[in-house]
$ cat upload-v4.pdb   # PDB, C-alpha atoms
ATOM      1  CA  MET A 105       0.000   0.000   0.000
ATOM      2  CA  ARG A 106       1.062   3.565  -0.605
ATOM      3  CA  ILE A 107       0.710   6.147   2.177
ATOM      4  CA  LEU A 108      -1.301   9.213   1.132
ATOM      5  CA  LEU A 109      -1.560  10.971   4.505
ATOM      6  CA  THR A 110       0.709  10.336   7.464
ATOM      7  CA  GLU A 111      -0.504  10.182  11.044
ATOM      8  CA  ASP A 112       0.831  13.710  11.650
ATOM      9  CA  GLU A 113      -0.849  15.075   8.517
ATOM     10  CA  LEU A 114      -4.148  13.535   9.613
ATOM     11  CA  LYS A 115      -3.857  15.075  13.082
ATOM     12  CA  GLU A 116      -3.135  18.489  11.567
ATOM     13  CA  GLY A 117      -6.060  18.268   9.118
ATOM     14  CA  VAL A 118      -8.501  17.086  11.785
ATOM     15  CA  ALA A 119      -7.389  19.898  14.106
ATOM     16  CA  LYS A 120      -7.938  22.439  11.325
ATOM     17  CA  MET A 121     -11.418  21.044  10.622
ATOM     18  CA  ALA A 122     -12.270  21.106  14.363
ATOM     19  CA  THR A 123     -11.189  24.760  14.492
ATOM     20  CA  GLN A 124     -13.509  25.569  11.578
ATOM     21  CA  ILE A 125     -16.378  23.762  13.315
ATOM     22  CA  SER A 126     -15.658  25.651  16.551
ATOM     23  CA  GLU A 127     -15.649  28.973  14.720
ATOM     24  CA  ARG A 128     -18.957  28.150  13.005
ATOM     25  CA  TYR A 129     -20.822  27.091  16.146
ATOM     26  CA  ALA A 130     -18.958  29.154  18.786
ATOM     27  CA  ASP A 131     -20.422  28.200  22.177
ATOM     28  CA  ARG A 132     -23.769  26.931  20.856
ATOM     29  CA  PRO A 133     -24.657  23.352  21.825
ATOM     30  CA  LEU A 134     -24.001  20.894  19.014
ATOM     31  CA  THR A 135     -25.201  17.372  18.325
ATOM     32  CA  ILE A 136     -22.692  15.352  16.338
ATOM     33  CA  ILE A 137     -23.997  12.300  14.531
ATOM     34  CA  GLY A 138     -21.281   9.960  13.318
ATOM     35  CA  ILE A 139     -22.061   7.784  10.330
ATOM     36  CA  LEU A 140     -20.863   4.275  11.164
ATOM     37  CA  THR A 141     -18.556   2.583  10.846
ATOM     38  CA  GLY A 142     -15.890   4.574   9.055
ATOM     39  CA  SER A 143     -16.317   7.767  11.074
ATOM     40  CA  VAL A 144     -15.534   6.260  14.497
ATOM     41  CA  VAL A 145     -11.852   7.267  14.586
ATOM     42  CA  LEU A 146     -12.568  10.712  13.152
ATOM     43  CA  MET A 147     -15.433  11.303  15.580
ATOM     44  CA  ALA A 148     -13.303  10.404  18.594
ATOM     45  CA  ASP A 149     -10.570  12.800  17.511
ATOM     46  CA  VAL A 150     -12.914  15.661  16.563
ATOM     47  CA  ILE A 151     -15.019  15.644  19.731
ATOM     48  CA  ARG A 152     -11.882  15.808  21.901
ATOM     49  CA  LEU A 153     -10.927  19.038  20.114
ATOM     50  CA  LEU A 154     -14.290  20.807  20.495
ATOM     51  CA  GLU A 155     -15.129  22.861  23.574
ATOM     52  CA  MET A 156     -18.802  23.730  23.018
ATOM     53  CA  PRO A 157     -21.496  21.668  24.761
ATOM     54  CA  LEU A 158     -21.801  18.412  22.790
ATOM     55  CA  ARG A 159     -24.199  15.550  22.377
ATOM     56  CA  VAL A 160     -23.008  12.584  20.373
ATOM     57  CA  GLY A 161     -24.893   9.876  18.539
ATOM     58  CA  VAL A 162     -24.369   7.493  15.676
ATOM     59  CA  LEU A 163     -26.292   5.997  12.816
ATOM     60  CA  GLN A 164     -25.367   3.278  10.406
ATOM     61  CA  ALA A 165     -25.677   3.862   6.677
ATOM     62  CA  ARG A 166     -24.603   1.118   4.298
ATOM     63  CA  SER A 167     -24.809   0.895   0.553
ATOM     64  CA  TYR A 168     -21.800  -1.363  -0.052
ATOM     65  CA  HIS A 169     -21.972  -4.916   1.254
ATOM     66  CA  GLY A 170     -19.011  -7.289   1.681
ATOM     67  CA  ALA A 171     -16.178  -6.971  -0.827
ATOM     68  CA  THR A 172     -18.311  -5.297  -3.461
ATOM     69  CA  THR A 173     -17.451  -1.873  -4.825
ATOM     70  CA  THR A 174     -20.856  -1.576  -6.496
ATOM     71  CA  ARG A 175     -23.366   0.614  -4.708
ATOM     72  CA  GLY A 176     -26.580  -1.060  -3.592
ATOM     73  CA  PRO A 177     -29.671   0.374  -1.882
ATOM     74  CA  LEU A 178     -28.871   2.558   1.133
ATOM     75  CA  ILE A 179     -29.889   1.078   4.467
ATOM     76  CA  ILE A 180     -30.055   3.556   7.378
ATOM     77  CA  ASN A 181     -30.313   2.467  11.018
ATOM     78  CA  ASP A 182     -30.799   5.484  13.295
ATOM     79  CA  GLU A 183     -31.779   3.721  16.534
ATOM     80  CA  LEU A 184     -28.684   5.008  18.382
ATOM     81  CA  MET A 185     -29.331   8.675  17.669
ATOM     82  CA  PRO A 186     -30.411  11.152  20.348
ATOM     83  CA  ASP A 187     -33.447  13.381  19.840
ATOM     84  CA  ILE A 188     -32.358  16.177  17.493
ATOM     85  CA  GLU A 189     -35.521  18.239  17.138
ATOM     86  CA  GLY A 190     -34.678  21.952  17.352
ATOM     87  CA  ARG A 191     -30.936  21.283  17.690
ATOM     88  CA  ASP A 192     -27.901  22.120  15.594
ATOM     89  CA  VAL A 193     -26.721  18.862  14.016
ATOM     90  CA  LEU A 194     -23.392  18.063  12.425
ATOM     91  CA  LEU A 195     -23.225  14.849  10.402
ATOM     92  CA  LEU A 196     -19.724  13.417  10.493
ATOM     93  CA  ASP A 197     -18.573  10.923   7.861
ATOM     94  CA  ASP A 198     -15.299   9.409   6.741
ATOM     95  CA  ILE A 199     -15.437   9.998   2.988
ATOM     96  CA  PHE A 200     -17.474  11.866   0.398
ATOM     97  CA  ASP A 201     -17.288   9.760  -2.736
ATOM     98  CA  THR A 202     -20.357   9.865  -5.005
ATOM     99  CA  GLY A 203     -22.220  11.839  -2.328
ATOM    100  CA  HIS A 204     -25.346   9.675  -2.354
ATOM    101  CA  THR A 205     -24.970   8.441   1.237
ATOM    102  CA  LEU A 206     -24.546  11.891   2.771
ATOM    103  CA  LYS A 207     -27.344  13.329   0.619
ATOM    104  CA  GLU A 208     -29.788  10.601   1.691
ATOM    105  CA  VAL A 209     -28.754  10.715   5.355
ATOM    106  CA  THR A 210     -29.133  14.516   5.369
ATOM    107  CA  ALA A 211     -32.648  14.228   3.907
ATOM    108  CA  ARG A 212     -33.568  11.658   6.569
ATOM    109  CA  ILE A 213     -32.166  13.853   9.368
ATOM    110  CA  ARG A 214     -34.051  16.945   8.103
ATOM    111  CA  LYS A 215     -37.337  15.043   8.599
ATOM    112  CA  LEU A 216     -36.557  14.976  12.355
ATOM    113  CA  ASN A 217     -36.815  18.811  12.504
ATOM    114  CA  PRO A 218     -33.341  19.890  13.664
ATOM    115  CA  ALA A 219     -32.621  23.630  13.798
ATOM    116  CA  THR A 220     -29.736  23.188  11.332
ATOM    117  CA  VAL A 221     -27.980  20.324   9.575
ATOM    118  CA  ARG A 222     -24.421  20.581   8.337
ATOM    119  CA  SER A 223     -21.882  17.964   7.360
ATOM    120  CA  ALA A 224     -18.184  17.302   7.833
ATOM    121  CA  VAL A 225     -16.087  14.666   6.101
ATOM    122  CA  LEU A 226     -12.501  13.650   6.556
ATOM    123  CA  LEU A 227     -11.987  12.966   2.840
ATOM    124  CA  TYR A 228     -13.427  14.401  -0.351
ATOM    125  CA  LYS A 229     -12.609  12.079  -3.252
ATOM    126  CA  GLU A 230     -12.067  14.279  -6.289
ATOM    127  CA  GLY A 231     -13.950  13.545  -9.487
ATOM    128  CA  ARG A 232     -16.434  10.986  -8.139
ATOM    129  CA  GLN A 233     -19.399  13.156  -7.128
ATOM    130  CA  GLU A 234     -22.827  12.378  -8.545
ATOM    131  CA  VAL A 235     -24.794  14.872  -6.419
ATOM    132  CA  ALA A 236     -24.820  18.661  -6.352
ATOM    133  CA  SER A 237     -24.310  19.029  -2.593
ATOM    134  CA  VAL A 238     -20.892  19.511  -0.987
ATOM    135  CA  PRO A 239     -19.977  18.929   2.689
ATOM    136  CA  ASP A 240     -19.688  22.062   4.834
ATOM    137  CA  PHE A 241     -16.348  20.992   6.323
ATOM    138  CA  ILE A 242     -13.701  18.934   4.514
ATOM    139  CA  GLY A 243     -10.490  17.639   6.027
ATOM    140  CA  PHE A 244      -8.668  16.632   2.830
ATOM    141  CA  ASN A 245      -9.205  16.390  -0.902
ATOM    142  CA  ILE A 246      -7.828  13.112  -2.225
ATOM    143  CA  PRO A 247      -7.455  11.554  -5.678
ATOM    144  CA  ASP A 248      -9.837   8.883  -6.937
ATOM    145  CA  GLU A 249      -8.140   5.905  -5.288
ATOM    146  CA  PHE A 250      -9.369   3.188  -2.924
ATOM    147  CA  VAL A 251      -8.143   4.244   0.516
ATOM    148  CA  VAL A 252      -7.931   2.580   3.913
ATOM    149  CA  GLY A 253      -6.809   3.468   7.412
ATOM    150  CA  TYR A 254      -7.989   5.948  10.028
ATOM    151  CA  GLY A 255     -11.369   4.178  10.167
ATOM    152  CA  LEU A 256     -11.735   3.310   6.481
ATOM    153  CA  ASP A 257     -11.649  -0.356   5.522
ATOM    154  CA  TYR A 258     -11.481  -2.958   2.834
ATOM    155  CA  GLU A 259     -13.448  -6.078   3.809
ATOM    156  CA  ASP A 260     -13.306  -4.915   7.461
ATOM    157  CA  ALA A 261      -9.494  -4.796   7.425
ATOM    158  CA  TYR A 262      -7.138  -1.816   7.855
ATOM    159  CA  ARG A 263      -9.466   0.435   9.945
ATOM    160  CA  ASN A 264      -6.863   0.539  12.724
ATOM    161  CA  LEU A 265      -4.038   2.015  10.624
ATOM    162  CA  PRO A 266      -3.004   5.431  12.021
ATOM    163  CA  PHE A 267      -2.369   6.744   8.477
ATOM    164  CA  LEU A 268      -4.338   6.845   5.221
ATOM    165  CA  ALA A 269      -3.127   4.603   2.407
ATOM    166  CA  ALA A 270      -4.135   3.748  -1.133
ATOM    167  CA  LEU A 271      -4.475   0.026  -1.670
ATOM    168  CA  GLU A 272      -2.687  -1.405  -4.631
ATOM    169  CA  GLU A 273      -3.751  -4.500  -6.575
ATOM    170  CA  GLU A 274      -1.528  -6.877  -4.583
ATOM    171  CA  ASP A 275      -3.007  -5.540  -1.312
ATOM    172  CA  LEU A 276      -6.520  -6.320  -2.532
ATOM    173  CA  GLN A 277      -5.528  -9.858  -3.486
ATOM    174  CA  HIS A 278      -3.708 -10.445  -0.173
ATOM    175  CA  THR A 279      -6.729  -9.246   1.836
ATOM    176  CA  SER A 280      -9.085 -11.499  -0.132
ATOM    177  CA  ASP A 281      -6.767 -14.481   0.383
ATOM    178  CA  THR A 282      -6.570 -13.792   4.141
ATOM    179  CA  HIS A 283     -10.359 -13.591   4.504
ATOM    180  CA  ASN A 284     -10.929 -16.806   2.576
ATOM    181  CA  THR A 285      -8.728 -18.962   4.824
TER     182      THR A 285
END
$ encode --input "upload-v4.pdb" --output "structure tokens"
Amino acid sequence: MRILLTEDELKEGVAKMATQISERYADRPLTIIGILTGSVVLMADVIRLLEMPLRVGVLQARSYHGATTTRGPLIINDELMPDIEGRDVLLLDDIFDTGHTLKEVTARIRKLNPATVRSAVLLYKEGRQEVASVPDFIGFNIPDEFVVGYGLDYEDAYRNLPFLAALEEEDLQHTSDTHNT
């Protein structure tokens, strides 16, 4: 695999994004909803950098199942979310690729009558967007490559890497071989 962002670069980018979030919300209470599972590492790091009153929740949104890279129907499970009616909500996700997941999650969240809904993503994959919306806060723009680490996975592997890496063909084959044994 080829490292795209080192651990130090990730820390710096996340800190910059947290500063932008702090400036936007000031001391107003904020409800952060992490989109599972890829946002877990990002969410932990971001909330430790914010000083405003926070509520935290999660929801699961899946459109890719198993080793597939083909998008299927989006399934959203929001049972672990706090009540957000009348509150400022920040959706936190790992990557903005085609944009369909964040667009559909945002529409679902708006139906719960929050005061505001904004979004933050660690990664914005350049050239892949199929929707007109853009996240409000972006940690990094990256090229159109399959990336892992810092919460992102391939077949549930690599989430624990402290850096962001692009998988190369031999990495994909090795991971598939490991999971099939």
$ closest_residue --input "upload-v4.pdb" --among "A:Gly142, A:Pro247, A:Pro239, A:Gly253" --to "Gly203 in chain A" --atoms "only C-alpha atoms"
A:Pro239
$ closest_residue --input "upload-v4.pdb" --among "A:Leu226, A:Leu109, A:Ile188, A:Val251" --to "Val145 in chain A" --atoms "all atoms listed in the file"
A:Leu226
$ atom_distance --input "upload-v4.pdb" --atom1 "CA of Ala270 in chain A" --atom2 "CA of Tyr254 in chain A"
12.0 Å
$ atom_distance --input "upload-v4.pdb" --atom1 "CA of Leu158 in chain A" --atom2 "CA of Arg128 in chain A"
14.1 Å
$ atom_distance --input "upload-v4.pdb" --atom1 "CA of Ala119 in chain A" --atom2 "CA of His204 in chain A"
26.4 Å
$ residues_near_point --input "upload-v4.pdb" --point "(-15.3, 11.4, 5.4)" --cutoff "6 Å" --atoms "only C-alpha atoms" --output "PyMOL selection string"
chain A and resi 197-200+225-227
$ closest_atom_pairs --input "upload-v4.pdb" --of "range 129-197 of chain A" --to "range 205-215 of chain A" --cutoff "10 Å" --atoms "all atoms listed in the file" --output "CSV"
residue,atom,partner,partner_atom,distance
A:Ile137,CA,A:Ile213,CA,9.8
A:Ile139,CA,A:Val209,CA,8.8
A:Leu163,CA,A:Val209,CA,9.2
A:Gln164,CA,A:Val209,CA,9.6
A:Ala165,CA,A:Thr205,CA,7.1
A:Arg166,CA,A:Thr205,CA,7.9
A:Ser167,CA,A:Thr205,CA,7.6
A:Arg175,CA,A:Thr205,CA,10.0
A:Pro177,CA,A:Thr205,CA,9.8
A:Leu178,CA,A:Thr205,CA,7.1
A:Ile179,CA,A:Thr205,CA,9.4
A:Ile180,CA,A:Val209,CA,7.6
A:Asp182,CA,A:Ile213,CA,9.3
A:Ile188,CA,A:Ile213,CA,8.5
A:Glu189,CA,A:Arg214,CA,9.2
A:Val193,CA,A:Ile213,CA,8.7
A:Leu194,CA,A:Thr210,CA,9.8
A:Leu195,CA,A:Thr210,CA,7.8
A:Leu196,CA,A:Leu206,CA,9.2
A:Asp197,CA,A:Leu206,CA,7.9
$ closest_residue --input "upload-v4.pdb" --among "A:Arg106, A:Ala236, A:Gly138, A:Glu274" --to "Ser223 in chain A" --atoms "all atoms listed in the file"
A:Gly138
$ closest_residue --input "upload-v4.pdb" --among "A:Ala219, A:Gly117, A:Ala122, A:Val160" --to "Asn245 in chain A" --atoms "only C-alpha atoms"
A:Gly117
$ resolve_selection --input "upload-v4.pdb" --expression "the PyMOL selection byres ((chain A and resi 186) around 8)" --output "PyMOL selection string"
chain A and resi 159-161+184-185+187-188
$ write_last_selection --input "upload-v4.pdb" --atoms "C-alpha atoms" --output "mmCIF file, in the frame of the given file"
data_model
loop_
_atom_site.group_PDB
_atom_site.id
_atom_site.type_symbol
_atom_site.label_atom_id
_atom_site.label_comp_id
_atom_site.auth_asym_id
_atom_site.auth_seq_id
_atom_site.Cartn_x
_atom_site.Cartn_y
_atom_site.Cartn_z
ATOM 1 C CA ARG A 159 -24.199 15.550 22.377
ATOM 2 C CA VAL A 160 -23.008 12.584 20.373
ATOM 3 C CA GLY A 161 -24.893 9.876 18.539
ATOM 4 C CA LEU A 184 -28.684 5.008 18.382
ATOM 5 C CA MET A 185 -29.331 8.675 17.669
ATOM 6 C CA ASP A 187 -33.447 13.381 19.840
ATOM 7 C CA ILE A 188 -32.358 16.177 17.493
#
$ build_atoms --input "upload-v4.pdb" --residues "range 201-237 of chain A" --atoms "N, CA and C atoms" --output "PDB file, in the frame of the given file"
ATOM      1  N   ASP A 201     -17.671  10.373  -1.468  1.00  0.00           N
ATOM      2  CA  ASP A 201     -17.288   9.760  -2.736  1.00  0.00           C
ATOM      3  C   ASP A 201     -18.305  10.217  -3.787  1.00  0.00           C
ATOM      4  N   THR A 202     -19.325   9.436  -4.059  1.00  0.00           N
ATOM      5  CA  THR A 202     -20.357   9.865  -5.005  1.00  0.00           C
ATOM      6  C   THR A 202     -21.268  10.917  -4.376  1.00  0.00           C
ATOM      7  N   GLY A 203     -21.379  10.882  -3.050  1.00  0.00           N
ATOM      8  CA  GLY A 203     -22.220  11.839  -2.328  1.00  0.00           C
ATOM      9  C   GLY A 203     -23.610  11.333  -2.016  1.00  0.00           C
ATOM     10  N   HIS A 204     -23.985  10.181  -2.559  1.00  0.00           N
ATOM     11  CA  HIS A 204     -25.346   9.675  -2.354  1.00  0.00           C
ATOM     12  C   HIS A 204     -25.645   9.391  -0.883  1.00  0.00           C
ATOM     13  N   THR A 205     -24.708   8.783  -0.169  1.00  0.00           N
ATOM     14  CA  THR A 205     -24.970   8.441   1.237  1.00  0.00           C
ATOM     15  C   THR A 205     -25.239   9.698   2.047  1.00  0.00           C
ATOM     16  N   LEU A 206     -24.367  10.683   1.971  1.00  0.00           N
ATOM     17  CA  LEU A 206     -24.546  11.891   2.771  1.00  0.00           C
ATOM     18  C   LEU A 206     -25.812  12.642   2.361  1.00  0.00           C
ATOM     19  N   LYS A 207     -26.126  12.663   1.085  1.00  0.00           N
ATOM     20  CA  LYS A 207     -27.344  13.329   0.619  1.00  0.00           C
ATOM     21  C   LYS A 207     -28.581  12.658   1.212  1.00  0.00           C
ATOM     22  N   GLU A 208     -28.630  11.314   1.176  1.00  0.00           N
ATOM     23  CA  GLU A 208     -29.788  10.601   1.691  1.00  0.00           C
ATOM     24  C   GLU A 208     -29.878  10.674   3.214  1.00  0.00           C
ATOM     25  N   VAL A 209     -28.750  10.599   3.897  1.00  0.00           N
ATOM     26  CA  VAL A 209     -28.754  10.715   5.355  1.00  0.00           C
ATOM     27  C   VAL A 209     -29.213  12.114   5.760  1.00  0.00           C
ATOM     28  N   THR A 210     -28.727  13.138   5.068  1.00  0.00           N
ATOM     29  CA  THR A 210     -29.133  14.516   5.369  1.00  0.00           C
ATOM     30  C   THR A 210     -30.643  14.678   5.197  1.00  0.00           C
ATOM     31  N   ALA A 211     -31.199  14.143   4.124  1.00  0.00           N
ATOM     32  CA  ALA A 211     -32.648  14.228   3.907  1.00  0.00           C
ATOM     33  C   ALA A 211     -33.407  13.535   5.037  1.00  0.00           C
ATOM     34  N   ARG A 212     -32.925  12.393   5.471  1.00  0.00           N
ATOM     35  CA  ARG A 212     -33.568  11.658   6.569  1.00  0.00           C
ATOM     36  C   ARG A 212     -33.504  12.460   7.869  1.00  0.00           C
ATOM     37  N   ILE A 213     -32.348  13.061   8.146  1.00  0.00           N
ATOM     38  CA  ILE A 213     -32.166  13.853   9.368  1.00  0.00           C
ATOM     39  C   ILE A 213     -33.070  15.089   9.351  1.00  0.00           C
ATOM     40  N   ARG A 214     -33.196  15.747   8.203  1.00  0.00           N
ATOM     41  CA  ARG A 214     -34.051  16.945   8.103  1.00  0.00           C
ATOM     42  C   ARG A 214     -35.505  16.643   8.485  1.00  0.00           C
ATOM     43  N   LYS A 215     -35.964  15.428   8.249  1.00  0.00           N
ATOM     44  CA  LYS A 215     -37.337  15.043   8.599  1.00  0.00           C
ATOM     45  C   LYS A 215     -37.551  15.008  10.107  1.00  0.00           C
ATOM     46  N   LEU A 216     -36.461  15.004  10.895  1.00  0.00           N
ATOM     47  CA  LEU A 216     -36.557  14.976  12.355  1.00  0.00           C
ATOM     48  C   LEU A 216     -36.544  16.379  12.957  1.00  0.00           C
ATOM     49  N   ASN A 217     -36.654  17.401  12.114  1.00  0.00           N
ATOM     50  CA  ASN A 217     -36.815  18.811  12.504  1.00  0.00           C
ATOM     51  C   ASN A 217     -35.674  19.397  13.343  1.00  0.00           C
ATOM     52  N   PRO A 218     -34.423  19.199  12.953  1.00  0.00           N
ATOM     53  CA  PRO A 218     -33.341  19.890  13.664  1.00  0.00           C
ATOM     54  C   PRO A 218     -33.365  21.378  13.307  1.00  0.00           C
ATOM     55  N   ALA A 219     -32.729  22.200  14.121  1.00  0.00           N
ATOM     56  CA  ALA A 219     -32.621  23.630  13.798  1.00  0.00           C
ATOM     57  C   ALA A 219     -31.771  23.810  12.547  1.00  0.00           C
ATOM     58  N   THR A 220     -30.616  23.142  12.503  1.00  0.00           N
ATOM     59  CA  THR A 220     -29.736  23.188  11.332  1.00  0.00           C
ATOM     60  C   THR A 220     -29.111  21.811  11.134  1.00  0.00           C
ATOM     61  N   VAL A 221     -28.722  21.544   9.898  1.00  0.00           N
ATOM     62  CA  VAL A 221     -27.980  20.324   9.575  1.00  0.00           C
ATOM     63  C   VAL A 221     -26.814  20.720   8.684  1.00  0.00           C
ATOM     64  N   ARG A 222     -25.627  20.382   9.139  1.00  0.00           N
ATOM     65  CA  ARG A 222     -24.421  20.581   8.337  1.00  0.00           C
ATOM     66  C   ARG A 222     -23.664  19.265   8.311  1.00  0.00           C
ATOM     67  N   SER A 223     -22.636  19.214   7.472  1.00  0.00           N
ATOM     68  CA  SER A 223     -21.882  17.964   7.360  1.00  0.00           C
ATOM     69  C   SER A 223     -20.383  18.239   7.342  1.00  0.00           C
ATOM     70  N   ALA A 224     -19.644  17.258   7.840  1.00  0.00           N
ATOM     71  CA  ALA A 224     -18.184  17.302   7.833  1.00  0.00           C
ATOM     72  C   ALA A 224     -17.687  15.930   7.408  1.00  0.00           C
ATOM     73  N   VAL A 225     -16.688  15.923   6.547  1.00  0.00           N
ATOM     74  CA  VAL A 225     -16.087  14.666   6.101  1.00  0.00           C
ATOM     75  C   VAL A 225     -14.574  14.779   6.207  1.00  0.00           C
ATOM     76  N   LEU A 226     -13.956  13.675   6.531  1.00  0.00           N
ATOM     77  CA  LEU A 226     -12.501  13.650   6.556  1.00  0.00           C
ATOM     78  C   LEU A 226     -11.947  13.788   5.147  1.00  0.00           C
ATOM     79  N   LEU A 227     -12.531  13.045   4.198  1.00  0.00           N
ATOM     80  CA  LEU A 227     -11.987  12.966   2.840  1.00  0.00           C
ATOM     81  C   LEU A 227     -13.035  13.310   1.794  1.00  0.00           C
ATOM     82  N   TYR A 228     -12.607  14.074   0.814  1.00  0.00           N
ATOM     83  CA  TYR A 228     -13.427  14.401  -0.351  1.00  0.00           C
ATOM     84  C   TYR A 228     -12.704  13.832  -1.558  1.00  0.00           C
ATOM     85  N   LYS A 229     -13.267  12.756  -2.131  1.00  0.00           N
ATOM     86  CA  LYS A 229     -12.609  12.079  -3.252  1.00  0.00           C
ATOM     87  C   LYS A 229     -12.916  12.846  -4.541  1.00  0.00           C
ATOM     88  N   GLU A 230     -11.903  13.415  -5.120  1.00  0.00           N
ATOM     89  CA  GLU A 230     -12.067  14.279  -6.289  1.00  0.00           C
ATOM     90  C   GLU A 230     -12.524  13.504  -7.522  1.00  0.00           C
ATOM     91  N   GLY A 231     -13.512  14.087  -8.219  1.00  0.00           N
ATOM     92  CA  GLY A 231     -13.950  13.545  -9.487  1.00  0.00           C
ATOM     93  C   GLY A 231     -14.977  12.441  -9.433  1.00  0.00           C
ATOM     94  N   ARG A 232     -15.494  12.105  -8.261  1.00  0.00           N
ATOM     95  CA  ARG A 232     -16.434  10.986  -8.139  1.00  0.00           C
ATOM     96  C   ARG A 232     -17.872  11.436  -7.847  1.00  0.00           C
ATOM     97  N   GLN A 233     -18.108  12.693  -7.604  1.00  0.00           N
ATOM     98  CA  GLN A 233     -19.399  13.156  -7.128  1.00  0.00           C
ATOM     99  C   GLN A 233     -20.492  13.001  -8.189  1.00  0.00           C
ATOM    100  N   GLU A 234     -21.643  12.541  -7.706  1.00  0.00           N
ATOM    101  CA  GLU A 234     -22.827  12.378  -8.545  1.00  0.00           C
ATOM    102  C   GLU A 234     -23.993  13.197  -8.022  1.00  0.00           C
ATOM    103  N   VAL A 235     -23.753  14.013  -6.995  1.00  0.00           N
ATOM    104  CA  VAL A 235     -24.794  14.872  -6.419  1.00  0.00           C
ATOM    105  C   VAL A 235     -24.274  16.304  -6.396  1.00  0.00           C
ATOM    106  N   ALA A 236     -25.203  17.251  -6.317  1.00  0.00           N
ATOM    107  CA  ALA A 236     -24.820  18.661  -6.352  1.00  0.00           C
ATOM    108  C   ALA A 236     -24.333  19.184  -5.001  1.00  0.00           C
ATOM    109  N   SER A 237     -24.688  18.528  -3.913  1.00  0.00           N
ATOM    110  CA  SER A 237     -24.310  19.029  -2.593  1.00  0.00           C
ATOM    111  C   SER A 237     -22.830  18.779  -2.299  1.00  0.00           C
TER     112      SER A 237
END
